[in-house]
>>> print(open('target-v3.cif').read())   # mmCIF, C-alpha atoms
data_protein
#
loop_
_atom_site.label_atom_id
_atom_site.label_comp_id
_atom_site.auth_asym_id
_atom_site.auth_seq_id
_atom_site.Cartn_x
_atom_site.Cartn_y
_atom_site.Cartn_z
CA MET A 1 -61.00 -88.57 31.43
CA ALA A 2 -59.04 -86.08 29.28
CA PRO A 3 -56.15 -84.31 31.10
CA ALA A 4 -57.84 -80.89 30.97
CA ALA A 5 -61.08 -82.29 32.28
CA GLU A 6 -59.24 -84.21 34.99
CA LEU A 7 -57.45 -81.06 36.18
CA ALA A 8 -60.70 -79.07 36.15
CA SER A 9 -62.41 -81.81 38.13
CA SER A 10 -59.53 -81.79 40.61
CA PHE A 11 -59.77 -78.01 40.98
CA PHE A 12 -63.48 -77.94 41.70
CA HIS A 13 -63.21 -80.86 44.09
CA TYR A 14 -60.35 -79.12 45.88
CA GLN A 15 -62.25 -75.86 46.13
CA ARG A 16 -65.02 -77.70 47.98
CA ILE A 17 -62.49 -79.23 50.36
CA LEU A 18 -60.93 -75.87 51.15
CA ILE A 19 -64.17 -74.38 52.40
CA SER A 20 -63.56 -76.18 55.68
CA PHE A 21 -60.02 -74.78 55.91
CA SER A 22 -60.90 -71.08 56.07
CA LYS A 23 -60.16 -71.36 59.80
CA PRO A 24 -57.70 -74.29 60.07
CA SER A 25 -58.47 -76.52 63.03
CA ARG A 26 -57.96 -80.00 64.40
CA GLN A 27 -61.05 -81.54 65.92
CA ALA A 28 -60.58 -84.21 68.59
CA GLY A 29 -56.85 -84.23 67.88
CA VAL A 30 -57.35 -85.46 64.31
CA LYS A 31 -55.37 -83.59 61.67
CA ILE A 32 -57.07 -82.25 58.58
CA MET A 33 -55.17 -83.76 55.65
CA SER A 34 -55.00 -83.02 51.95
CA LYS A 35 -53.69 -85.24 49.19
CA ASN A 36 -50.05 -84.54 48.24
CA ILE A 37 -49.57 -82.02 51.08
CA GLU A 38 -49.49 -84.29 54.12
CA GLY A 39 -45.94 -85.06 55.19
CA LYS A 40 -44.26 -82.51 52.92
CA VAL A 41 -41.54 -80.24 54.30
CA VAL A 42 -42.29 -76.63 53.33
CA VAL A 43 -39.94 -73.67 53.82
CA ILE A 44 -41.62 -70.24 53.85
CA THR A 45 -39.88 -66.87 53.86
CA GLY A 46 -41.76 -63.80 55.05
CA ALA A 47 -43.67 -66.09 57.41
CA SER A 48 -44.21 -63.65 60.27
CA SER A 49 -47.46 -62.18 58.89
CA GLY A 50 -49.76 -61.89 55.90
CA LEU A 51 -49.38 -64.36 53.05
CA GLY A 52 -46.63 -66.37 54.72
CA GLU A 53 -48.42 -66.74 58.03
CA ALA A 54 -51.72 -67.70 56.40
CA THR A 55 -49.96 -70.27 54.21
CA ALA A 56 -48.13 -71.78 57.18
CA ARG A 57 -51.41 -72.19 59.06
CA LEU A 58 -53.24 -73.82 56.16
CA LEU A 59 -50.45 -76.20 55.17
CA SER A 60 -49.83 -77.20 58.77
CA ALA A 61 -53.53 -77.97 59.14
CA GLN A 62 -53.19 -80.25 56.14
CA GLY A 63 -50.28 -82.18 57.60
CA ALA A 64 -47.20 -80.42 56.21
CA SER A 65 -44.11 -79.68 58.30
CA VAL A 66 -43.49 -75.94 58.01
CA VAL A 67 -40.16 -74.15 58.45
CA LEU A 68 -40.74 -70.46 59.06
CA GLY A 69 -38.26 -67.75 58.11
CA ALA A 70 -38.55 -64.02 58.88
CA ARG A 71 -36.73 -61.20 60.64
CA ARG A 72 -39.32 -60.85 63.41
CA VAL A 73 -38.22 -63.77 65.54
CA ASP A 74 -40.92 -63.36 68.19
CA ARG A 75 -43.66 -63.56 65.57
CA ILE A 76 -42.45 -66.72 63.85
CA GLN A 77 -41.58 -68.42 67.14
CA SER A 78 -45.06 -67.69 68.47
CA LEU A 79 -46.59 -69.09 65.28
CA ALA A 80 -44.39 -72.19 65.43
CA ASP A 81 -45.36 -72.76 69.07
CA GLU A 82 -49.03 -72.40 68.20
CA LEU A 83 -48.82 -74.88 65.32
CA THR A 84 -46.85 -77.46 67.28
CA GLY A 85 -49.22 -77.01 70.21
CA SER A 86 -52.05 -78.00 67.85
CA GLY A 87 -50.27 -81.20 66.85
CA GLY A 88 -48.34 -79.92 63.85
CA LYS A 89 -44.64 -79.78 63.05
CA ALA A 90 -43.12 -76.31 62.79
CA LEU A 91 -39.70 -74.72 63.14
CA ALA A 92 -38.82 -71.01 63.38
CA ILE A 93 -35.48 -69.76 62.03
CA PRO A 94 -34.54 -66.04 62.09
CA THR A 95 -33.97 -65.06 58.46
CA ASP A 96 -33.18 -61.88 56.57
CA VAL A 97 -33.57 -62.81 52.91
CA THR A 98 -31.13 -60.11 51.82
CA HIS A 99 -28.33 -62.32 53.22
CA TYR A 100 -27.72 -65.56 51.34
CA ASP A 101 -26.06 -67.24 54.32
CA GLN A 102 -29.21 -66.73 56.39
CA VAL A 103 -31.48 -68.15 53.68
CA LYS A 104 -29.16 -71.13 53.29
CA ARG A 105 -29.24 -71.65 57.06
CA LEU A 106 -33.04 -71.66 56.91
CA VAL A 107 -33.16 -74.37 54.24
CA ASP A 108 -30.34 -76.33 55.84
CA ALA A 109 -32.28 -76.35 59.12
CA ALA A 110 -35.29 -77.81 57.32
CA VAL A 111 -33.19 -80.65 55.91
CA GLN A 112 -31.35 -81.27 59.18
CA THR A 113 -34.61 -81.39 61.15
CA TYR A 114 -36.98 -83.14 58.76
CA GLY A 115 -34.63 -84.88 56.31
CA ARG A 116 -35.57 -83.08 53.10
CA VAL A 117 -37.11 -79.95 51.57
CA ASP A 118 -40.14 -80.54 49.36
CA VAL A 119 -41.40 -77.00 48.80
CA MET A 120 -39.63 -73.63 48.89
CA ILE A 121 -41.99 -70.63 49.06
CA ASN A 122 -40.13 -67.39 48.31
CA ASN A 123 -42.69 -65.04 49.78
CA ALA A 124 -40.78 -62.20 51.50
CA GLY A 125 -41.42 -58.88 49.80
CA LEU A 126 -41.56 -55.08 50.03
CA MET A 127 -43.70 -52.53 48.18
CA PRO A 128 -42.36 -48.99 48.81
CA HIS A 129 -44.17 -47.21 45.97
CA SER A 130 -43.02 -43.73 44.94
CA PRO A 131 -42.68 -41.69 41.74
CA LEU A 132 -39.26 -42.12 40.17
CA GLU A 133 -38.65 -38.37 40.25
CA ARG A 134 -38.52 -38.47 44.06
CA LEU A 135 -35.29 -40.47 43.80
CA LYS A 136 -36.00 -42.84 46.69
CA ILE A 137 -32.80 -44.71 46.00
CA ASP A 138 -32.68 -46.47 49.37
CA ASP A 139 -36.20 -47.76 48.76
CA TRP A 140 -35.21 -48.95 45.27
CA ASN A 141 -32.23 -50.85 46.67
CA ARG A 142 -34.26 -52.47 49.45
CA THR A 143 -36.98 -53.51 47.00
CA ILE A 144 -34.48 -55.10 44.62
CA ASP A 145 -32.60 -56.78 47.47
CA VAL A 146 -35.71 -58.38 48.97
CA ASN A 147 -37.97 -59.00 45.98
CA ILE A 148 -35.38 -60.22 43.46
CA LYS A 149 -32.22 -61.20 45.28
CA GLY A 150 -34.15 -62.68 48.22
CA MET A 151 -36.01 -64.94 45.80
CA LEU A 152 -32.79 -65.92 44.03
CA TYR A 153 -31.19 -66.76 47.37
CA GLY A 154 -34.15 -69.01 48.17
CA ILE A 155 -33.73 -70.79 44.85
CA ALA A 156 -29.98 -71.13 45.43
CA ALA A 157 -30.49 -72.58 48.91
CA ALA A 158 -33.16 -75.13 47.95
CA LEU A 159 -32.20 -76.18 44.43
CA PRO A 160 -29.16 -78.37 45.28
CA TYR A 161 -31.26 -80.43 47.71
CA MET A 162 -34.10 -80.77 45.22
CA LYS A 163 -31.73 -81.85 42.45
CA GLN A 164 -30.32 -84.52 44.75
CA GLN A 165 -33.85 -85.65 45.68
CA GLN A 166 -34.95 -85.57 42.03
CA ALA A 167 -38.10 -83.90 43.32
CA GLY A 168 -39.28 -80.59 44.72
CA HIS A 169 -41.49 -77.57 44.18
CA ILE A 170 -40.37 -73.92 44.12
CA ILE A 171 -43.14 -71.34 44.55
CA ASN A 172 -42.29 -67.70 43.88
CA VAL A 173 -44.53 -64.75 44.66
CA SER A 174 -45.03 -62.08 42.00
CA SER A 175 -47.96 -59.65 41.87
CA VAL A 176 -50.61 -58.26 39.57
CA ALA A 177 -48.10 -55.37 39.40
CA GLY A 178 -45.72 -57.73 37.62
CA HIS A 179 -48.26 -57.87 34.77
CA LYS A 180 -49.38 -54.23 34.77
CA VAL A 181 -47.36 -51.19 35.83
CA ARG A 182 -49.00 -48.07 37.29
CA PRO A 183 -47.64 -44.62 38.22
CA SER A 184 -45.49 -44.72 41.38
CA SER A 185 -45.04 -48.50 41.12
CA ALA A 186 -42.31 -48.71 38.46
CA VAL A 187 -39.54 -50.20 40.61
CA TYR A 188 -41.86 -52.56 42.50
CA ALA A 189 -43.52 -53.67 39.26
CA ALA A 190 -40.11 -54.24 37.69
CA THR A 191 -39.06 -56.52 40.56
CA LYS A 192 -42.28 -58.51 40.29
CA ALA A 193 -41.90 -58.78 36.50
CA ALA A 194 -38.41 -60.13 37.20
CA VAL A 195 -39.97 -62.79 39.43
CA LEU A 196 -42.11 -63.90 36.47
CA VAL A 197 -39.15 -64.04 34.10
CA ILE A 198 -36.85 -65.84 36.51
CA SER A 199 -39.59 -68.31 37.40
CA GLU A 200 -40.14 -69.18 33.74
CA GLY A 201 -36.42 -69.61 33.16
CA LEU A 202 -36.25 -71.82 36.25
CA ARG A 203 -39.18 -73.91 35.01
CA GLN A 204 -37.36 -74.69 31.78
CA GLU A 205 -34.05 -75.46 33.48
CA VAL A 206 -35.25 -77.86 36.19
CA LYS A 207 -37.21 -80.27 33.99
CA PRO A 208 -34.41 -82.91 34.11
CA TYR A 209 -34.74 -83.01 37.92
CA ASN A 210 -38.50 -83.54 38.22
CA ILE A 211 -38.88 -80.18 40.02
CA ARG A 212 -42.14 -78.24 39.77
CA THR A 213 -42.34 -74.44 39.66
CA THR A 214 -45.21 -72.08 40.39
CA VAL A 215 -45.41 -68.30 40.37
CA ILE A 216 -48.41 -66.72 42.11
CA SER A 217 -49.46 -63.14 41.33
CA PRO A 218 -51.92 -61.74 43.89
CA GLY A 219 -53.85 -58.55 43.57
CA ALA A 220 -54.96 -56.56 46.62
CA VAL A 221 -54.69 -58.94 49.58
CA ALA A 222 -54.99 -57.82 53.19
CA THR A 223 -51.40 -57.92 54.50
CA GLU A 224 -48.84 -55.55 56.02
CA LEU A 225 -47.31 -54.92 52.57
CA PRO A 226 -48.82 -51.40 52.19
CA ASN A 227 -47.01 -50.45 55.41
CA SER A 228 -43.72 -50.54 53.49
CA VAL A 229 -44.71 -47.44 51.48
CA THR A 230 -42.58 -44.59 52.85
CA GLU A 231 -44.16 -41.59 51.06
CA PRO A 232 -47.24 -40.37 53.02
CA ASP A 233 -49.31 -39.25 50.02
CA ILE A 234 -48.60 -42.46 48.10
CA ALA A 235 -49.29 -44.52 51.22
CA GLU A 236 -52.74 -42.94 51.48
CA ASN A 237 -53.50 -43.81 47.85
CA VAL A 238 -52.39 -47.38 48.43
CA ARG A 239 -54.50 -47.59 51.60
CA LYS A 240 -57.58 -46.56 49.64
CA SER A 241 -56.87 -49.08 46.88
CA TYR A 242 -56.62 -51.81 49.52
CA GLU A 243 -60.08 -51.14 50.95
CA ILE A 244 -61.31 -53.97 48.70
CA ALA A 245 -58.50 -56.32 49.75
CA ILE A 246 -59.36 -59.98 50.25
CA PRO A 247 -58.03 -62.16 53.11
CA ALA A 248 -54.52 -63.63 53.01
CA GLU A 249 -56.11 -67.09 53.13
CA SER A 250 -56.95 -66.60 49.44
CA PHE A 251 -53.23 -66.80 48.68
CA ALA A 252 -52.78 -69.80 50.96
CA ARG A 253 -55.50 -71.67 49.06
CA ALA A 254 -53.73 -70.93 45.77
CA VAL A 255 -50.51 -72.39 47.19
CA ALA A 256 -52.32 -75.46 48.45
CA PHE A 257 -54.03 -75.96 45.09
CA ALA A 258 -50.72 -75.95 43.23
CA MET A 259 -49.09 -78.26 45.77
CA SER A 260 -51.98 -80.71 45.90
CA GLN A 261 -51.87 -81.63 42.23
CA PRO A 262 -50.44 -85.05 41.25
CA GLU A 263 -46.67 -84.93 40.80
CA GLU A 264 -47.04 -85.11 37.01
CA VAL A 265 -49.10 -81.89 37.03
CA ASP A 266 -47.07 -78.65 37.18
CA VAL A 267 -49.22 -75.57 37.84
CA ASN A 268 -46.87 -72.87 36.58
CA GLU A 269 -48.77 -69.64 37.11
CA ILE A 270 -51.72 -68.38 39.14
CA LEU A 271 -52.95 -64.78 38.89
CA PHE A 272 -55.84 -63.70 41.11
CA ARG A 273 -57.32 -60.50 42.45
CA PRO A 274 -60.42 -59.31 44.33
CA THR A 275 -63.53 -59.54 42.17
CA ARG A 276 -63.94 -55.77 42.57
CA GLN A 277 -60.34 -54.89 41.60
CA GLU A 278 -60.27 -53.17 38.21
CA LEU A 279 -56.52 -53.18 37.42
#
>>> encode(input="target-v3.cif", output="structure tokens")
Amino acid sequence: MAPAAELASSFFHYQRILISFSKPSRQAGVKIMSKNIEGKVVVITGASSGLGEATARLLSAQGASVVLGARRVDRIQSLADELTGSGGKALAIPTDVTHYDQVKRLVDAAVQTYGRVDVMINNAGLMPHSPLERLKIDDWNRTIDVNIKGMLYGIAAALPYMKQQQAGHIINVSSVAGHKVRPSSAVYAATKAAVLVISEGLRQEVKPYNIRTTVISPGAVATELPNSVTEPDIAENVRKSYEIAIPAESFARAVAFAMSQPEEVDVNEILFRPTRQEL
């Protein structure tokens, strides 16, 4: 079978498999497994809710060991307890991605506990939209610190281990906004465009080390992200635009699709949005 046809066949087969994972479960104590995910050690930032939480649940259901990083310790510890109680392997590490030492501690804990790091998912993000003329400088700084520097810190923490292993997968989270800017989203869109650019540069640089890279750009997905908008009028507009939002599990399935490919297949970019989303 030709490579393109083989990948297409793999995608459609995988989509059928994932139907049963919309609500991850383990029946009669038997884990649900997926090819090339079982046994992998996956570090996830922003794991306390939304995209990160949904991804942790799905990958754990498929046999991955998940290492959860976020500032809300109670949330990630509760999730880790739930996953381990269901027969999975999970570890919760308090992490503020704006501090490199904390991100490094997160990845180091994964290696110390499970012996390696196979996948680094740089998911933590903020979206405090506002018109530039309102001069929300604190919001700009927070957005840059989390969305760009937080991702870079994740790369810096995981890359040395992956180079030593001669294997690994770094998954960065951009946005539809990284492809198309709208009024009030200039700074956020710029940070997500930076994620695209850095991810492509990373892809080219890590080829000698057999490391895969994926950047995922979601559209409106039902998460707590709109809650980071600090301007009331803009927040209301965002809330209305998110009325068509699709579940966070849609992102988790995109992650699992990229991870599940054979090691010689590198899915570099996935862009998806609700069917009803125009922009």
>>> closest_atom_pairs(input="target-v3.cif", of="segment 50-109 of chain A", to="segment 259-275 of chain A", cutoff="12 Å", atoms="all atoms listed in the file", output="CSV")
residue,atom,partner,partner_atom,distance
A:Thr55,CA,A:Met259,CA,11.7
A:Leu59,CA,A:Met259,CA,9.7
A:Gln62,CA,A:Ser260,CA,10.3
A:Gly63,CA,A:Ser260,CA,11.9
A:Ala64,CA,A:Met259,CA,10.8
>>> closest_residue(input="target-v3.cif", among="A:Leu126, A:Met162, A:Val73, A:Leu135", to="Val107 of chain A", atoms="only C-alpha atoms")
A:Met162
>>> closest_residue(input="target-v3.cif", among="A:Thr230, A:Ala157, A:Asp74, A:Lys180", to="His99 of chain A", atoms="all atoms listed in the file")
A:Ala157
>>> residues_around(input="target-v3.cif", residues="segment 49-51 of chain A", least_positions_apart="6", cutoff="8 Å", atoms="all atoms listed in the file", output="ChimeraX atom specification")
/A:75,123,222-224,248-249,251-252
>>> residues_near_point(input="target-v3.cif", point="(-30.9, -87.1, 40.6)", cutoff="9 Å", atoms="only C-alpha atoms", output="JSON, numbers by chain")
{"A": [162, 163, 164, 165, 166, 167, 208, 209, 210]}
>>> write_last_selection(input="target-v3.cif", atoms="C-alpha atoms", output="mmCIF file, in the coordinates of the input")
data_model
loop_
_atom_site.group_PDB
_atom_site.id
_atom_site.type_symbol
_atom_site.label_atom_id
_atom_site.label_comp_id
_atom_site.auth_asym_id
_atom_site.auth_seq_id
_atom_site.Cartn_x
_atom_site.Cartn_y
_atom_site.Cartn_z
ATOM 1 C CA MET A 162 -34.100 -80.770 45.220
ATOM 2 C CA LYS A 163 -31.730 -81.850 42.450
ATOM 3 C CA GLN A 164 -30.320 -84.520 44.750
ATOM 4 C CA GLN A 165 -33.850 -85.650 45.680
ATOM 5 C CA GLN A 166 -34.950 -85.570 42.030
ATOM 6 C CA ALA A 167 -38.100 -83.900 43.320
ATOM 7 C CA PRO A 208 -34.410 -82.910 34.110
ATOM 8 C CA TYR A 209 -34.740 -83.010 37.920
ATOM 9 C CA ASN A 210 -38.500 -83.540 38.220
#
>>> atom_distance(input="target-v3.cif", atom1="atom CA of Val187 of chain A", atom2="atom CA of Gly69 of chain A")
24.8 Å
>>> atom_distance(input="target-v3.cif", atom1="atom CA of Asp233 of chain A", atom2="atom CA of Pro128 of chain A")
12.0 Å
>>> resolve_selection(input="target-v3.cif", expression="the PyMOL selection byres ((chain A and resi 194-204) around 12)", output="ChimeraX atom specification")
/A:122-123,125,143-144,146-152,155-156,159,168-179,187-193,205-217,266-271
>>> closest_residue(input="target-v3.cif", among="A:Val103, A:Asp139, A:Ala256, A:Tyr242", to="Ser60 of chain A", atoms="all atoms listed in the file")
A:Ala256
>>> resolve_selection(input="target-v3.cif", expression="the PyMOL selection byres ((chain A and resi 40) around 9)", output="list of chain:residue names")
A:Asn36, A:Ile37, A:Glu38, A:Gly39, A:Val41, A:Val42, A:Gly63, A:Ala64, A:Ser65, A:Val66, A:Arg116, A:Val117, A:Asp118, A:Val119
